[in-house]
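Shown next, in structure tokens, is the structure this report addresses.
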Amino acid sequence: MMPYRQKNARGGLKPHLAVKFRSEEGSLRSFFIDSTRVAAKYPQPDAYLITHAHSDHHGSSAMLSECSICTEKTMNALEVRHSRDFKGNLAEENGLIDHRGVKIRTYPTHHTDGSVAFGWENENGMRILATGDVKDASNLPSCDVLITEANYGDPADLSCYFEDDMEGFYAALESPQDVAFGAYPFGKAQRVVRLIRQSGYEGPIGMDDRSQELTQNLLEDAGELVSMDERAEVNVVSPGKLEDLPLYMSKYMITGRRDHRFPSINISDHLDASGLERMVLDIDPEFVVVYHPGGHRPSRFACHLNSLGYDAVCLADINNVVSNEFM
């Protein structure tokens, strides 16, 4: 297997990873992971693997290719968020598909509704796993090559260690005042609605239009969702909409950041530094590629894995570069 990078139209490097390998039948294949689409005039990869629908994973571009692969919920989120029709192939959240002679298994990562890791084997039986972002790694299998994230992978950064503040969340929910939670429309809003319903609250939940549309498309058990104009006792809205709600409401941001006007409650969609380390220890790969996000964290997570005895590199250290014309 060869991990490689591509040049963009300006001559720089694209912020994602591709891998070349031979299928079990011996055919040379190229898979792009959370990647922008190659212009139609150039040779195309065999697959664009879309782990989930957050914009920094480039699904808005890859969804227009017939070679793209994602789950139905990721497709629904992409179509709502970008007002485009998905052109590719669907996979179950825990299933098996045969794509151009390669058997690809999917494993839920619980980062967003519909988010999955993709796993497959090459002709020599090498097991390759590309995770995307991960909240819960309990469904991920062991592998030989792990391609993963490091959103909170800097072991020297105290902000990379956290636990979900469920006690604070439920205390806010049980406040005698009406309450509003600021949560990003895709991913976070659905997580918050699910937590509200799991708490036993059965009343209407007020939401802004985009958050409501995404939640209705992604959650089967969302319950009654109403517009912000109906002034529900419990509300889940985009962060920018908190200002529009009445002053008498208790307002909270659902985030680990502390630079917002409103009090914050940490409910994360990611593993922290300790969780990422445990994930690698449990999967126990021979080789690790850390490809996300930008900045220094992938490098520091790879260095930490090296100190634990793993052979690990980050995306910035991959020197294999292939131009579009020669992909």
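Each chain in the structure tokens gets a letter, A, B, ..., in the order shown, and its residues are numbered from 1; ligands are numbered from 1 in order too.
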Q: Pull the strand (DSSP E) assignments for stretch 122-316 of chain A out of DSSP run on the backbone, and list those residues as a PyMOL selection string.
A: chain A and resi 127-130+145-149+179-182+205-207+225-227+234-237+250-254+264-265+287-292+311-314
Q | Distance query A:Pro108 at most 7 Å, only C-alpha atoms, self and fewer than 3 positions along chain excluded, as a ChimeraX atom specification | A | /A:93-94,115-117,139
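Taking atom CA of A:Thr112 as the reference point, atom CA of A:Met228 is found at 23.6 Å.
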Q: Please identify all polymer residues within 12 Å of A:Asp157, counting only C-alpha atoms, omitting same-chain residues fewer than 2 positions from it, and present them as an NGL selection string.
A: :A and (151-155 or 159-162 or 272-274 or 296-297 or 300-301)
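Atom CA of A:Asn235 is found 4.4 Å from atom CA of A:Ala180.
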**Q.** Exercise: A:Pro204 partners within 12 Å, only C-alpha atoms, chain neighbours under 6 positions left out, as a PyMOL selection string
**A.** chain A and resi 193+196-197+212+222-228+230-236
Convert the current residue selection to file output with C-alpha atoms, as a PDB file, in the first residue's frame.
```pdb
ATOM      1  CA  VAL A 193     -31.847  16.402  20.814  1.00  0.00           C
ATOM      2  CA  ILE A 196     -32.932  15.576  25.685  1.00  0.00           C
ATOM      3  CA  ARG A 197     -35.207  12.725  24.646  1.00  0.00           C
ATOM      4  CA  GLN A 212     -34.826  21.250  12.378  1.00  0.00           C
ATOM      5  CA  ALA A 222     -36.573  13.162  17.422  1.00  0.00           C
ATOM      6  CA  GLY A 223     -40.137  13.700  18.680  1.00  0.00           C
ATOM      7  CA  GLU A 224     -41.997  16.966  18.114  1.00  0.00           C
ATOM      8  CA  LEU A 225     -39.790  19.729  16.698  1.00  0.00           C
ATOM      9  CA  VAL A 226     -41.198  23.241  16.295  1.00  0.00           C
ATOM     10  CA  SER A 227     -39.962  26.551  14.941  1.00  0.00           C
ATOM     11  CA  MET A 228     -38.305  29.155  17.151  1.00  0.00           C
ATOM     12  CA  GLU A 230     -43.451  28.897  18.893  1.00  0.00           C
ATOM     13  CA  ARG A 231     -41.395  29.600  22.036  1.00  0.00           C
ATOM     14  CA  ALA A 232     -40.905  26.085  23.360  1.00  0.00           C
ATOM     15  CA  GLU A 233     -39.662  25.440  26.897  1.00  0.00           C
ATOM     16  CA  VAL A 234     -36.600  23.629  25.524  1.00  0.00           C
ATOM     17  CA  ASN A 235     -34.743  24.863  22.437  1.00  0.00           C
ATOM     18  CA  VAL A 236     -31.768  23.710  20.358  1.00  0.00           C
TER      19      VAL A 236
END
```
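We find atom CA of A:Thr131 and atom CA of A:Glu149 to be spaced 7.4 Å apart.
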Q: Excluding A:Met253 and any residue of its chain fewer than 2 positions from it, enumerate the residues within 6 Å of it, using only C-alpha atoms, and give them as a PyMOL selection string.
A: chain A and resi 181-182+255+264
Q) Which neighbours of A:Asn89 fall inside 8 Å, counting only C-alpha atoms, when residues of the same chain fewer than 6 positions from it are skipped, and could you give them as a ChimeraX atom specification? A) /A:66-70
Q | Top pick for closest residue to A:Val134, considering A:Gly275, A:Gly203, A:Gly168, A:Gly95 and counting only C-alpha atoms | A | A:Gly275
Q. A:Val80, A:Ile147, A:Met126, A:Ser60: which is nearest A:His292, counting only C-alpha atoms?
A. A:Ile147
Q. Near A:Asp85, counting only C-alpha atoms, which residues have an atom at most 9 Å away, once you skip same-chain residues fewer than 4 positions from it, shown as a PyMOL selection string?
A. chain A and resi 63-64+75+78-79
**Q.** Those of stretch 166-318 of chain A in DSSP helix (DSSP H, G or I), formatted as a PyMOL selection string
**A.** chain A and resi 166-173+188-198+209-218+228-230+239-244+273-283+297-307+315-317
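Compared by their closest atoms to A:His58, and using only C-alpha atoms, the residues A:Thr215, A:Thr74, A:Gln44, A:Thr36 rank with A:Thr36 nearest.
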